[in-house]
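K.L.:
Can you read through this structure? Questions will come right after.
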Amino acid sequence: MKFVTVAGPPSSGKTAVLIHTIRHLLKDGIKVVVGKIDCLGTNDGEKYQKLGIPVIVGLSGDICPDHFYVPNLEVIFNWAKEKSAQITILETAGLCHRCAPAIKGCLAISVVDNLSNIDIPQKIGPMLSTADIVVITKGDIVSQAEREVYRRKMEMVNPGAEILEVNGLTGKGSLLLKTSLMQAPEVDTITGRELRSSMPACVCSYCTGEKRIGKSFQLGYIRKIEATETEGGRG
Amino acid sequence: MGKDIRKITIIGGTTKSGGKEAIEKTEIYKGDIITLVGPTGSGKSELLSDIEQLARGDTPSNRAVILNDGELNRWERQMVAQLSQAMNFVLDMPVEDFLELHASSRGISSNPIIEEVIGLTNRLSGEPIGARDNITSLSGGQSRALMIADIAVISDAPVVLIDEIENAGINRLMALEILSAKGKIVIVASHDPLIILMAQKRIVMHNGGMFKVLERNKQEEEILKELIAMDDELSVLRDRLRMGDFARGGGMLLMNKSGSVEEKKEESSNFEII
Ligand SMILES: Nc1nc2c(ncn2[C@@H]2O[C@H](COP(=O)(O)OP(=O)(O)OP(=O)(O)O)[C@@H](O)[C@H]2O)c(=O)[nH]1
Ligand SMILES: Nc1ncnc2c1ncn2[C@@H]1O[C@H](COP(=O)(O)OP(=O)(O)OP(=O)(O)O)[C@@H](O)[C@H]1O
Ligand SMILES: [Mg+2]
Ligand SMILES: [Mg+2]
Ligand SMILES: [Zn+2]
Ligand SMILES: [Zn+2]
């Protein structure tokens with residue numbers, strides 16, 4: 001089975017791109033299943049179900065969706081095996097800009113859009129830099145120059161990645177993504193595999209549902225900003 | 001540097017109703033300006049998209065698009081530049097910073113080129129832009145003019161695909177001339193007679209299929225000249241109205257029954273504007 005993770009900021013077009021790509025896979029008679037991890041709620045499950053394929057949705061609730069995702073990888077993997085999937089695609093929530101769900105030995109895709117701030121490559125760090133394929137969406141609504149600048153930024157942050165421009169609305173470019181997906185390595189177990197980057201400690205009281213503000217409510221791993229003033233004004 | 005694009009071959013596929021396309025094969029060469037014409041929904045944008053993704057029987061039209069003699073099976077980076085009406089600037093920064101960013105992303109030293117792009121932009125658009133203007137605050141016409149100038153000078157792709165250049169107060173003829181300079185292939189979908197006749201060759205679309213390929217004939221060349229004169233008149237009129245003047249009082253070109261154009265010098269109360 002191929003096991004593929006798809007990360008990327010919220011609303012970057014992960015589901016839109018995947019739906020077009022999965023259609024191409026289904027046309028070739030390939031058995032695809034999809035997992036979606038999110039925080040509080042998502043319609044993505046229904047969108048994938050419309051393709052007539054098995055879908056599993058996990059909601060992380062109070063905890064970081066990526067920290068929820070890792071302990072559930074085995075669950076999803078085993079479920080997919082039971083469904084005798086040839087390709088399992090796991091769409092992650094993309095909320096945490098520090099955690100990257102890429103797994104060593106499994107194809108990792110990152111989806112970013114042309115509308116985001118030009119500094120996004122630096123901002124989302126490992127999510128982008130550890131990906132094998134970077135998909136850039138929404139090129140239909142920005143200028144040629146911006147498309148070129150974005151592409152260049154992606155290349156600088158992740159020089160080894162394959163960069164694909166895909167239109168999530170029309171599916172333009174999704175065929176190339178499908179071809180790359182078909183080249184993903186086969187994995188027979190997920191147990192014992194490693195993440196490509198560490199996840200930050202995420203065990204403060206707020207991680208687990210605390211709402212009250214103040215020192216006495218703060219337990220676990222807590223760091224405070226050092227109050228050094230930044231210089232105002234521009235030269 | 002990438003490879004040279006000498007030729008694009010389009011192999012006909014199927015129409016919207018699934019029948020065979022009338023045109024089985026058409027070739028576009030370096031330096032050509034081609035327009036795509038046809039009623040709304042006839043498949044102009046679809047054909048552009050087939051070219052953009054180098055279709056090989058895998059798009060709704062089942063067409064195949066071949067580069068040169070088939071030795072390239074993917075566009076290399078920055079071989080195609082695109083422009084459509086849906087495109088806007090989203091980066092919030094001054095024009096010159098933006099152009100510098102674009103130039104440096106392509107490894108071009110920026111100083112002379114920034115001036116060149118701004119100069120071109122201001123020849124295309126009636127309202128000049130300044131180097132320190134924010135790109136997101138430019139008007140529709142100014143943005144379009146800047147996009148065109150930037151594609152021509154900084155992107156400098158050998159193939160340019162355009163899905164309609166609207167008449168937002170920019171000089172469309174000059175825009176096409178600028179883009180087609182330097183031996184590029186320019187393919188434009190358009191409903192605008194002036195743009196359509198600017199091209200020596202046009203592909204007529206019907207029901208999703210390539211229906212005819214027409215070469216511009218001698219008579220059309222004359223009509224193009226008239227259209228250009230009319231367009232100049234219209235822009236004079238447009239400027240006059242935009243400046244708050246009345247339309248009357250200058251030359252106005254009218255088409256008489258025989259189709260030739262004559263100039264009415266004095267005001268006439270019942271002229272018909274075409
Ligand atoms: N114009 C344009 N819109 C797009 C494109 N790709 C996606 N969209 C739109 O962007 C919105 C978000 O797309 P989704 O596919 O739901 O994004 P997502 O990354 O799956 O979002 P979450 O799962 O909520 O994080 C939808 O309205 C899409 O139709 C694109 O290439 N161009
Ligand atoms: N050969 C074809 N086979 C199947 N579908 C097609 C074909 N050509 C076009 N279509 C579909 O028909 C619809 C209309 O086509 P398209 O948008 O290309 O028209 P257009 O000529 O660009 O119209 P407009 O002038 O309004 O922009 C699109 O959904 C397109 O995908
Ligand atoms: Mg989604
Ligand atoms: Mg169109
Ligand atoms: Zn996290
Ligand atoms: Zn926490």
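Every chain in the structure tokens takes a letter, A first, then B, and so on in the order presented; its residues are numbered from 1, and the ligands are numbered from 1 following the presented order.
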Around ligand 5, out to 9 Å and counting only C-alpha atoms and all ligand atoms, which residues are there? I want them as a list in words.

P.N.:
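Listed by chain and ascending number, the contacts are Ile63, Cys64, Pro65, Asp66, His67, Leu95, Cys96, His97, Arg98, Cys99, Ala100, Met199, Pro200, Ala201 and Cys202 of chain A.
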
K.L.:
May I ask you to write as a count of residues only all residues lying at most 7 Å from ligand 4, with only C-alpha atoms and all ligand atoms counted?

P.N.:
6

K.L.:
Please, which residues of chain B lie no more than 9 Å from chain A when the count uses only C-alpha atoms, and can they be set out as a JSON list (two decimals) with N, CA and C atoms, in the first residue's frame?

P.N.:
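Dumped everything to part_7.json:
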```
[["chain", "number", "residue", "atom", "x", "y", "z"],
["B", 49, "SER", "N", -6.52, 26.04, -22.09],
["B", 49, "SER", "CA", -6.13, 25.18, -20.99],
["B", 49, "SER", "C", -5.48, 23.89, -21.50],
["B", 52, "GLU", "N", -2.02, 24.90, -22.21],
["B", 52, "GLU", "CA", -1.28, 25.14, -20.98],
["B", 52, "GLU", "C", -0.84, 23.83, -20.32],
["B", 53, "GLN", "N", -1.69, 22.81, -20.38],
["B", 53, "GLN", "CA", -1.28, 21.57, -19.71],
["B", 53, "GLN", "C", -0.75, 20.52, -20.68],
["B", 58, "ASP", "N", -6.09, 13.51, -22.46],
["B", 58, "ASP", "CA", -6.51, 13.30, -21.08],
["B", 58, "ASP", "C", -7.34, 14.45, -20.53],
["B", 59, "THR", "N", -7.81, 15.35, -21.40],
["B", 59, "THR", "CA", -8.67, 16.44, -20.96],
["B", 59, "THR", "C", -10.06, 16.21, -21.58],
["B", 78, "GLN", "N", 8.79, 28.33, -16.74],
["B", 78, "GLN", "CA", 8.78, 29.68, -17.31],
["B", 78, "GLN", "C", 8.77, 29.72, -18.82],
["B", 81, "ALA", "N", 3.60, 32.09, -20.13],
["B", 81, "ALA", "CA", 3.07, 33.12, -19.25],
["B", 81, "ALA", "C", 1.59, 33.25, -19.55],
["B", 82, "GLN", "N", 0.80, 33.49, -18.51],
["B", 82, "GLN", "CA", -0.64, 33.57, -18.71],
["B", 82, "GLN", "C", -1.22, 34.85, -18.17],
["B", 83, "LEU", "N", -2.30, 35.26, -18.81],
["B", 83, "LEU", "CA", -2.97, 36.48, -18.40],
["B", 83, "LEU", "C", -4.46, 36.26, -18.60],
["B", 84, "SER", "N", -5.25, 36.53, -17.55],
["B", 84, "SER", "CA", -6.69, 36.45, -17.75],
["B", 84, "SER", "C", -7.37, 37.53, -16.94],
["B", 85, "GLN", "N", -8.64, 37.73, -17.23],
["B", 85, "GLN", "CA", -9.37, 38.80, -16.56],
["B", 85, "GLN", "C", -9.55, 38.54, -15.07],
["B", 86, "ALA", "N", -9.47, 37.27, -14.68],
["B", 86, "ALA", "CA", -9.70, 36.94, -13.27],
["B", 86, "ALA", "C", -8.50, 37.27, -12.39],
["B", 87, "MET", "N", -7.36, 37.61, -13.04],
["B", 87, "MET", "CA", -6.14, 37.78, -12.26],
["B", 87, "MET", "C", -6.04, 39.15, -11.60],
["B", 88, "ASN", "N", -5.64, 39.12, -10.35],
["B", 88, "ASN", "CA", -5.41, 40.36, -9.61],
["B", 88, "ASN", "C", -4.08, 40.29, -8.90],
["B", 89, "PHE", "N", -3.57, 41.44, -8.50],
["B", 89, "PHE", "CA", -2.40, 41.44, -7.63],
["B", 89, "PHE", "C", -2.86, 41.22, -6.20],
["B", 90, "VAL", "N", -2.13, 40.41, -5.46],
["B", 90, "VAL", "CA", -2.50, 40.21, -4.06],
["B", 90, "VAL", "C", -1.39, 40.63, -3.09],
["B", 91, "LEU", "N", -0.17, 40.77, -3.61],
["B", 91, "LEU", "CA", 0.91, 41.15, -2.71],
["B", 91, "LEU", "C", 0.83, 42.64, -2.42],
["B", 92, "ASP", "N", 0.95, 42.97, -1.15],
["B", 92, "ASP", "CA", 0.78, 44.35, -0.76],
["B", 92, "ASP", "C", 2.15, 45.02, -0.67],
["B", 98, "PHE", "N", 7.97, 45.31, -5.80],
["B", 98, "PHE", "CA", 7.38, 44.12, -6.41],
["B", 98, "PHE", "C", 8.17, 43.69, -7.65],
["B", 99, "LEU", "N", 8.48, 44.66, -8.49],
["B", 99, "LEU", "CA", 9.22, 44.33, -9.71],
["B", 99, "LEU", "C", 10.63, 43.84, -9.38],
["B", 101, "LEU", "N", 11.42, 42.22, -6.68],
["B", 101, "LEU", "CA", 11.24, 40.86, -6.17],
["B", 101, "LEU", "C", 11.10, 39.89, -7.33],
["B", 102, "HIS", "N", 10.29, 40.28, -8.31],
["B", 102, "HIS", "CA", 10.07, 39.40, -9.46],
["B", 102, "HIS", "C", 11.38, 39.22, -10.25],
["B", 103, "ALA", "N", 12.06, 40.34, -10.49],
["B", 103, "ALA", "CA", 13.30, 40.26, -11.26],
["B", 103, "ALA", "C", 14.33, 39.39, -10.52],
["B", 104, "SER", "N", 14.44, 39.58, -9.20],
["B", 104, "SER", "CA", 15.48, 38.83, -8.49],
["B", 104, "SER", "C", 15.09, 37.36, -8.43],
["B", 105, "SER", "N", 13.78, 37.04, -8.42],
["B", 105, "SER", "CA", 13.39, 35.63, -8.41],
["B", 105, "SER", "C", 13.78, 34.96, -9.71],
["B", 106, "ARG", "N", 14.04, 35.76, -10.73],
["B", 106, "ARG", "CA", 14.47, 35.20, -12.00],
["B", 106, "ARG", "C", 15.96, 35.45, -12.25],
["B", 147, "MET", "N", 0.68, 44.18, -15.52],
["B", 147, "MET", "CA", 0.85, 42.74, -15.73],
["B", 147, "MET", "C", 1.42, 42.46, -17.11],
["B", 150, "ASP", "N", 5.05, 43.60, -17.36],
["B", 150, "ASP", "CA", 5.88, 42.69, -16.57],
["B", 150, "ASP", "C", 6.08, 41.35, -17.29],
["B", 151, "ILE", "N", 5.01, 40.85, -17.90],
["B", 151, "ILE", "CA", 5.13, 39.59, -18.66],
["B", 151, "ILE", "C", 6.09, 39.79, -19.83],
["B", 154, "ILE", "N", 9.94, 41.05, -17.82],
["B", 154, "ILE", "CA", 10.60, 40.23, -16.79],
["B", 154, "ILE", "C", 10.33, 38.74, -17.00],
["B", 155, "SER", "N", 9.07, 38.35, -17.20],
["B", 155, "SER", "CA", 8.80, 36.92, -17.40],
["B", 155, "SER", "C", 9.43, 36.45, -18.70]]
```

K.L.:
At a cut-off of 7 Å around ligand 3, and using only C-alpha atoms and all ligand atoms, what residues come up? Please write them as a PyMOL selection string.

P.N.:
chain A and resi 11+13-15+44+91

K.L.:
Would you mind exporting the chosen residues as an mmCIF file, in the first residue's frame, restricted to C-alpha atoms?

P.N.:
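Written out: part.cif:
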```cif
data_model
loop_
_atom_site.group_PDB
_atom_site.id
_atom_site.type_symbol
_atom_site.label_atom_id
_atom_site.label_comp_id
_atom_site.auth_asym_id
_atom_site.auth_seq_id
_atom_site.Cartn_x
_atom_site.Cartn_y
_atom_site.Cartn_z
ATOM 1 C CA SER A 11 -8.273 26.486 2.932
ATOM 2 C CA GLY A 13 -7.055 23.795 -1.504
ATOM 3 C CA LYS A 14 -6.012 20.360 -0.180
ATOM 4 C CA THR A 15 -9.434 18.781 -0.578
ATOM 5 C CA ASP A 44 -14.285 17.171 3.888
ATOM 6 C CA GLU A 91 -5.367 15.030 4.692
#
```

K.L.:
Do you know which residues are at most 10 Å from region 113-120 of chain B counting only C-alpha atoms, after dropping those on the same chain fewer than 2 positions away, and could you put them as a PDB file with N, CA, C and O atoms, in the first residue's frame?

P.N.:
```
ATOM      1  N   VAL B  95       5.126  49.209  -6.253  1.00  0.00           N
ATOM      2  CA  VAL B  95       5.422  48.710  -7.588  1.00  0.00           C
ATOM      3  C   VAL B  95       6.898  48.343  -7.754  1.00  0.00           C
ATOM      4  O   VAL B  95       7.233  47.247  -8.208  1.00  0.00           O
ATOM      5  N   GLU B  96       7.789  49.247  -7.351  1.00  0.00           N
ATOM      6  CA  GLU B  96       9.201  48.975  -7.632  1.00  0.00           C
ATOM      7  C   GLU B  96       9.743  47.821  -6.798  1.00  0.00           C
ATOM      8  O   GLU B  96      10.542  47.020  -7.270  1.00  0.00           O
ATOM      9  N   ASP B  97       9.252  47.690  -5.541  1.00  0.00           N
ATOM     10  CA  ASP B  97       9.694  46.564  -4.715  1.00  0.00           C
ATOM     11  C   ASP B  97       9.215  45.257  -5.319  1.00  0.00           C
ATOM     12  O   ASP B  97       9.911  44.247  -5.340  1.00  0.00           O
ATOM     13  N   PHE B  98       7.973  45.312  -5.805  1.00  0.00           N
ATOM     14  CA  PHE B  98       7.377  44.122  -6.410  1.00  0.00           C
ATOM     15  C   PHE B  98       8.171  43.691  -7.645  1.00  0.00           C
ATOM     16  O   PHE B  98       8.505  42.515  -7.819  1.00  0.00           O
ATOM     17  N   LEU B  99       8.481  44.658  -8.491  1.00  0.00           N
ATOM     18  CA  LEU B  99       9.223  44.332  -9.712  1.00  0.00           C
ATOM     19  C   LEU B  99      10.629  43.835  -9.378  1.00  0.00           C
ATOM     20  O   LEU B  99      11.156  42.935 -10.020  1.00  0.00           O
ATOM     21  N   GLU B 100      11.195  44.411  -8.330  1.00  0.00           N
ATOM     22  CA  GLU B 100      12.521  43.979  -7.926  1.00  0.00           C
ATOM     23  C   GLU B 100      12.482  42.524  -7.441  1.00  0.00           C
ATOM     24  O   GLU B 100      13.341  41.705  -7.774  1.00  0.00           O
ATOM     25  N   HIS B 102      10.293  40.276  -8.309  1.00  0.00           N
ATOM     26  CA  HIS B 102      10.073  39.399  -9.460  1.00  0.00           C
ATOM     27  C   HIS B 102      11.378  39.224 -10.251  1.00  0.00           C
ATOM     28  O   HIS B 102      11.756  38.109 -10.588  1.00  0.00           O
ATOM     29  N   ALA B 103      12.058  40.341 -10.486  1.00  0.00           N
ATOM     30  CA  ALA B 103      13.301  40.263 -11.255  1.00  0.00           C
ATOM     31  C   ALA B 103      14.325  39.394 -10.520  1.00  0.00           C
ATOM     32  O   ALA B 103      14.957  38.527 -11.122  1.00  0.00           O
ATOM     33  N   ILE B 108      17.530  38.277 -12.429  1.00  0.00           N
ATOM     34  CA  ILE B 108      17.821  39.388 -13.328  1.00  0.00           C
ATOM     35  C   ILE B 108      18.188  40.590 -12.471  1.00  0.00           C
ATOM     36  O   ILE B 108      17.560  40.833 -11.446  1.00  0.00           O
ATOM     37  N   SER B 109      19.189  41.352 -12.864  1.00  0.00           N
ATOM     38  CA  SER B 109      19.482  42.542 -12.077  1.00  0.00           C
ATOM     39  C   SER B 109      18.434  43.585 -12.408  1.00  0.00           C
ATOM     40  O   SER B 109      18.031  43.754 -13.558  1.00  0.00           O
ATOM     41  N   SER B 110      17.948  44.251 -11.362  1.00  0.00           N
ATOM     42  CA  SER B 110      16.657  44.893 -11.500  1.00  0.00           C
ATOM     43  C   SER B 110      16.645  46.338 -11.972  1.00  0.00           C
ATOM     44  O   SER B 110      15.688  46.760 -12.608  1.00  0.00           O
ATOM     45  N   ASN B 111      17.702  47.118 -11.731  1.00  0.00           N
ATOM     46  CA  ASN B 111      17.507  48.549 -11.912  1.00  0.00           C
ATOM     47  C   ASN B 111      16.986  49.038 -13.258  1.00  0.00           C
ATOM     48  O   ASN B 111      15.932  49.632 -13.309  1.00  0.00           O
ATOM     49  N   ASN B 122       3.095  52.731 -18.425  1.00  0.00           N
ATOM     50  CA  ASN B 122       2.513  54.051 -18.598  1.00  0.00           C
ATOM     51  C   ASN B 122       2.215  54.384 -20.058  1.00  0.00           C
ATOM     52  O   ASN B 122       1.393  55.260 -20.338  1.00  0.00           O
ATOM     53  N   ARG B 123       2.863  53.664 -20.982  1.00  0.00           N
ATOM     54  CA  ARG B 123       2.462  53.853 -22.377  1.00  0.00           C
ATOM     55  C   ARG B 123       1.162  53.109 -22.653  1.00  0.00           C
ATOM     56  O   ARG B 123       0.373  53.495 -23.504  1.00  0.00           O
ATOM     57  N   LEU B 124       0.932  52.033 -21.923  1.00  0.00           N
ATOM     58  CA  LEU B 124      -0.270  51.226 -22.154  1.00  0.00           C
ATOM     59  C   LEU B 124      -1.503  51.798 -21.487  1.00  0.00           C
ATOM     60  O   LEU B 124      -2.616  51.617 -21.951  1.00  0.00           O
ATOM     61  N   SER B 125      -1.297  52.451 -20.362  1.00  0.00           N
ATOM     62  CA  SER B 125      -2.455  52.874 -19.588  1.00  0.00           C
ATOM     63  C   SER B 125      -2.555  54.395 -19.593  1.00  0.00           C
ATOM     64  O   SER B 125      -1.547  55.083 -19.589  1.00  0.00           O
ATOM     65  N   PRO B 128      -0.944  57.256 -15.501  1.00  0.00           N
ATOM     66  CA  PRO B 128       0.387  56.747 -15.148  1.00  0.00           C
ATOM     67  C   PRO B 128       0.463  56.226 -13.715  1.00  0.00           C
ATOM     68  O   PRO B 128      -0.248  56.702 -12.830  1.00  0.00           O
ATOM     69  N   ILE B 129       1.334  55.252 -13.513  1.00  0.00           N
ATOM     70  CA  ILE B 129       1.583  54.765 -12.158  1.00  0.00           C
ATOM     71  C   ILE B 129       2.960  55.241 -11.732  1.00  0.00           C
ATOM     72  O   ILE B 129       3.805  55.550 -12.562  1.00  0.00           O
ATOM     73  N   GLY B 130       3.162  55.295 -10.426  1.00  0.00           N
ATOM     74  CA  GLY B 130       4.461  55.707  -9.898  1.00  0.00           C
ATOM     75  C   GLY B 130       5.145  54.535  -9.223  1.00  0.00           C
ATOM     76  O   GLY B 130       4.490  53.573  -8.814  1.00  0.00           O
ATOM     77  N   ALA B 131       6.459  54.624  -9.106  1.00  0.00           N
ATOM     78  CA  ALA B 131       7.240  53.517  -8.552  1.00  0.00           C
ATOM     79  C   ALA B 131       6.855  53.195  -7.111  1.00  0.00           C
ATOM     80  O   ALA B 131       6.969  52.064  -6.664  1.00  0.00           O
ATOM     81  N   ALA B 145      -2.232  46.772 -17.264  1.00  0.00           N
ATOM     82  CA  ALA B 145      -1.093  47.305 -18.014  1.00  0.00           C
ATOM     83  C   ALA B 145       0.221  46.852 -17.378  1.00  0.00           C
ATOM     84  O   ALA B 145       1.155  46.437 -18.066  1.00  0.00           O
ATOM     85  N   LEU B 146       0.265  46.893 -16.048  1.00  0.00           N
ATOM     86  CA  LEU B 146       1.496  46.472 -15.356  1.00  0.00           C
ATOM     87  C   LEU B 146       1.749  44.981 -15.565  1.00  0.00           C
ATOM     88  O   LEU B 146       2.882  44.556 -15.790  1.00  0.00           O
ATOM     89  N   MET B 147       0.678  44.181 -15.516  1.00  0.00           N
ATOM     90  CA  MET B 147       0.848  42.736 -15.726  1.00  0.00           C
ATOM     91  C   MET B 147       1.420  42.461 -17.114  1.00  0.00           C
ATOM     92  O   MET B 147       2.291  41.606 -17.290  1.00  0.00           O
ATOM     93  N   ILE B 148       0.906  43.188 -18.109  1.00  0.00           N
ATOM     94  CA  ILE B 148       1.357  42.958 -19.482  1.00  0.00           C
ATOM     95  C   ILE B 148       2.822  43.375 -19.635  1.00  0.00           C
ATOM     96  O   ILE B 148       3.640  42.631 -20.175  1.00  0.00           O
ATOM     97  N   ALA B 149       3.148  44.541 -19.114  1.00  0.00           N
ATOM     98  CA  ALA B 149       4.525  45.023 -19.236  1.00  0.00           C
ATOM     99  C   ALA B 149       5.481  44.079 -18.511  1.00  0.00           C
ATOM    100  O   ALA B 149       6.566  43.763 -18.999  1.00  0.00           O
ATOM    101  N   ASP B 150       5.053  43.600 -17.363  1.00  0.00           N
ATOM    102  CA  ASP B 150       5.885  42.689 -16.571  1.00  0.00           C
ATOM    103  C   ASP B 150       6.081  41.352 -17.293  1.00  0.00           C
ATOM    104  O   ASP B 150       7.178  40.795 -17.316  1.00  0.00           O
ATOM    105  N   ILE B 151       5.011  40.846 -17.899  1.00  0.00           N
ATOM    106  CA  ILE B 151       5.129  39.589 -18.664  1.00  0.00           C
ATOM    107  C   ILE B 151       6.089  39.787 -19.829  1.00  0.00           C
ATOM    108  O   ILE B 151       6.929  38.933 -20.118  1.00  0.00           O
ATOM    109  N   ALA B 152       5.974  40.939 -20.489  1.00  0.00           N
ATOM    110  CA  ALA B 152       6.809  41.176 -21.672  1.00  0.00           C
ATOM    111  C   ALA B 152       8.286  41.304 -21.305  1.00  0.00           C
ATOM    112  O   ALA B 152       9.145  40.784 -21.999  1.00  0.00           O
ATOM    113  N   VAL B 153       8.563  41.987 -20.195  1.00  0.00           N
ATOM    114  CA  VAL B 153       9.957  42.313 -19.909  1.00  0.00           C
ATOM    115  C   VAL B 153      10.612  41.337 -18.931  1.00  0.00           C
ATOM    116  O   VAL B 153      11.705  40.844 -19.178  1.00  0.00           O
ATOM    117  N   ILE B 154       9.942  41.048 -17.821  1.00  0.00           N
ATOM    118  CA  ILE B 154      10.602  40.228 -16.793  1.00  0.00           C
ATOM    119  C   ILE B 154      10.335  38.737 -16.999  1.00  0.00           C
ATOM    120  O   ILE B 154      11.255  37.935 -16.994  1.00  0.00           O
ATOM    121  N   MET B 174      -1.240  48.072 -28.695  1.00  0.00           N
ATOM    122  CA  MET B 174       0.153  48.199 -28.279  1.00  0.00           C
ATOM    123  C   MET B 174       0.517  47.016 -27.377  1.00  0.00           C
ATOM    124  O   MET B 174       1.609  46.457 -27.472  1.00  0.00           O
ATOM    125  N   ALA B 175      -0.450  46.614 -26.540  1.00  0.00           N
ATOM    126  CA  ALA B 175      -0.199  45.487 -25.646  1.00  0.00           C
ATOM    127  C   ALA B 175       0.163  44.243 -26.440  1.00  0.00           C
ATOM    128  O   ALA B 175       1.151  43.567 -26.146  1.00  0.00           O
ATOM    129  N   ILE B 178       3.589  44.621 -28.047  1.00  0.00           N
ATOM    130  CA  ILE B 178       4.673  44.458 -27.084  1.00  0.00           C
ATOM    131  C   ILE B 178       4.883  42.974 -26.767  1.00  0.00           C
ATOM    132  O   ILE B 178       6.000  42.483 -26.717  1.00  0.00           O
TER     133      ILE B 178
END
```

K.L.:
I'd like the interatomic distance between CA of Phe68 (chain A) and CA of Ile89 (chain A), to a tenth of an Å.

P.N.:
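Interatomic distance, CA of Phe68 (chain A) to CA of Ile89 (chain A): 16.8 Å.
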
K.L.:
What parts of region 34-231 of chain A does DSSP call helix (DSSP H, G or I)? I'd like the answer as number ranges by chain.

P.N.:
A: 44-49, 65-82, 120-123, 125-129, 139-141, 144-157, 174-182, 205-208, 215-217

K.L.:
Would you save the residues of that selection, restricted to C-alpha atoms, as a short mmCIF file (atom, residue, chain, number, x, y, z; two decimals), in the first residue's frame?

P.N.:
```cif
data_model
loop_
_atom_site.label_atom_id
_atom_site.label_comp_id
_atom_site.auth_asym_id
_atom_site.auth_seq_id
_atom_site.Cartn_x
_atom_site.Cartn_y
_atom_site.Cartn_z
CA ASP A 44 -14.29 17.17 3.89
CA GLY A 45 -15.46 13.66 4.84
CA GLU A 46 -18.69 14.13 2.89
CA LYS A 47 -16.85 15.56 -0.09
CA TYR A 48 -14.64 12.48 -0.30
CA GLN A 49 -17.57 10.15 0.29
CA PRO A 65 -4.49 18.12 15.50
CA ASP A 66 -1.00 17.01 14.56
CA HIS A 67 -0.37 15.62 18.04
CA PHE A 68 -3.66 13.80 17.66
CA TYR A 69 -2.68 12.53 14.24
CA VAL A 70 0.57 10.81 15.16
CA PRO A 71 -0.85 8.38 17.75
CA ASN A 72 -3.67 7.60 15.31
CA LEU A 73 -1.46 6.76 12.33
CA GLU A 74 -1.52 3.05 13.18
CA VAL A 75 -5.30 3.13 13.55
CA ILE A 76 -5.71 4.71 10.13
CA PHE A 77 -3.13 2.45 8.53
CA ASN A 78 -4.79 -0.69 9.84
CA TRP A 79 -8.22 0.53 8.80
CA ALA A 80 -6.93 1.18 5.30
CA LYS A 81 -5.39 -2.31 5.12
CA GLU A 82 -8.71 -3.79 6.14
CA ILE A 120 4.57 31.97 4.25
CA PRO A 121 7.45 29.65 3.29
CA GLN A 122 9.42 30.85 6.30
CA LYS A 123 6.33 30.81 8.49
CA GLY A 125 8.76 25.90 8.12
CA PRO A 126 8.95 22.09 8.33
CA MET A 127 5.51 21.54 6.79
CA LEU A 128 6.98 22.87 3.58
CA SER A 129 10.65 22.02 3.89
CA GLY A 139 -2.73 30.51 -9.72
CA ASP A 140 -5.86 31.39 -11.67
CA ILE A 141 -6.48 34.53 -9.64
CA GLN A 144 2.02 35.76 -13.63
CA ALA A 145 4.68 37.62 -11.65
CA GLU A 146 3.27 36.49 -8.32
CA ARG A 147 3.09 32.88 -9.51
CA GLU A 148 6.73 33.03 -10.48
CA VAL A 149 7.79 34.68 -7.23
CA TYR A 150 5.92 32.09 -5.14
CA ARG A 151 7.40 29.24 -7.04
CA ARG A 152 10.86 30.64 -6.54
CA LYS A 153 10.29 31.02 -2.79
CA MET A 154 9.16 27.41 -2.55
CA GLU A 155 12.24 26.27 -4.43
CA MET A 156 14.43 28.17 -2.01
CA VAL A 157 12.83 26.68 1.10
CA SER A 174 -3.95 17.25 -11.17
CA LEU A 175 -2.96 14.66 -13.74
CA LEU A 176 0.71 15.37 -13.10
CA LEU A 177 0.06 15.02 -9.38
CA LYS A 178 -1.60 11.67 -9.99
CA THR A 179 1.43 10.50 -11.96
CA SER A 180 3.71 11.47 -9.08
CA LEU A 181 1.42 9.77 -6.58
CA MET A 182 1.75 6.54 -8.52
CA SER A 205 -2.68 23.12 30.64
CA TYR A 206 -4.25 25.01 27.72
CA CYS A 207 -3.50 22.09 25.41
CA THR A 208 -5.93 20.06 27.40
CA LYS A 215 0.12 32.01 36.32
CA SER A 216 -1.56 29.69 38.78
CA PHE A 217 -3.50 27.91 36.03
#
```

K.L.:
I'd like the contact shell of region 102-105 of chain A - 12 Å cut-off, only C-alpha atoms, skipping same-chain residues fewer than 3 positions apart - returned as a PyMOL selection string.

P.N.:
chain A and resi 2-8+66+69-70+73+90-92+94+99+108-110+126-133+184-199

K.L.:
So that I can see what lies close to Val112 (chain A), please list as JSON, numbers by chain the residues with an atom at most 7 Å from it, counting only C-alpha atoms and leaving out residues fewer than 6 positions away in the same chain.

P.N.:
{"A": [8, 9, 12, 135, 136, 137]}

K.L.:
Among region 46-233 of chain A, which ones does DSSP place in strand (DSSP E), written as a list in words?

P.N.:
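Put together, the selection reads Val55, Ile56, Val57, Gly58, Leu59, Ile87, Thr88, Ile89, Leu90, Glu91, Ala108, Ile109, Ser110, Val111, Val112, Asp113, Ile133, Val134, Val135, Ile136, Thr137, Glu162, Ile163, Leu164 and Glu165 of chain A.
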
K.L.:
Which value, in Å to one decimal, gives the distance between CA of Lys30 (chain B) and CA of Asn68 (chain B)?

P.N.:
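One can read the CA of Lys30 (chain B) to CA of Asn68 (chain B) distance as 10.0 Å.
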
K.L.:
Tell me which of A:Ile30, A:Val111, A:Asp62, A:Glu165 sits closest to ligand 6, counting only C-alpha atoms and all ligand atoms.

P.N.:
A:Asp62
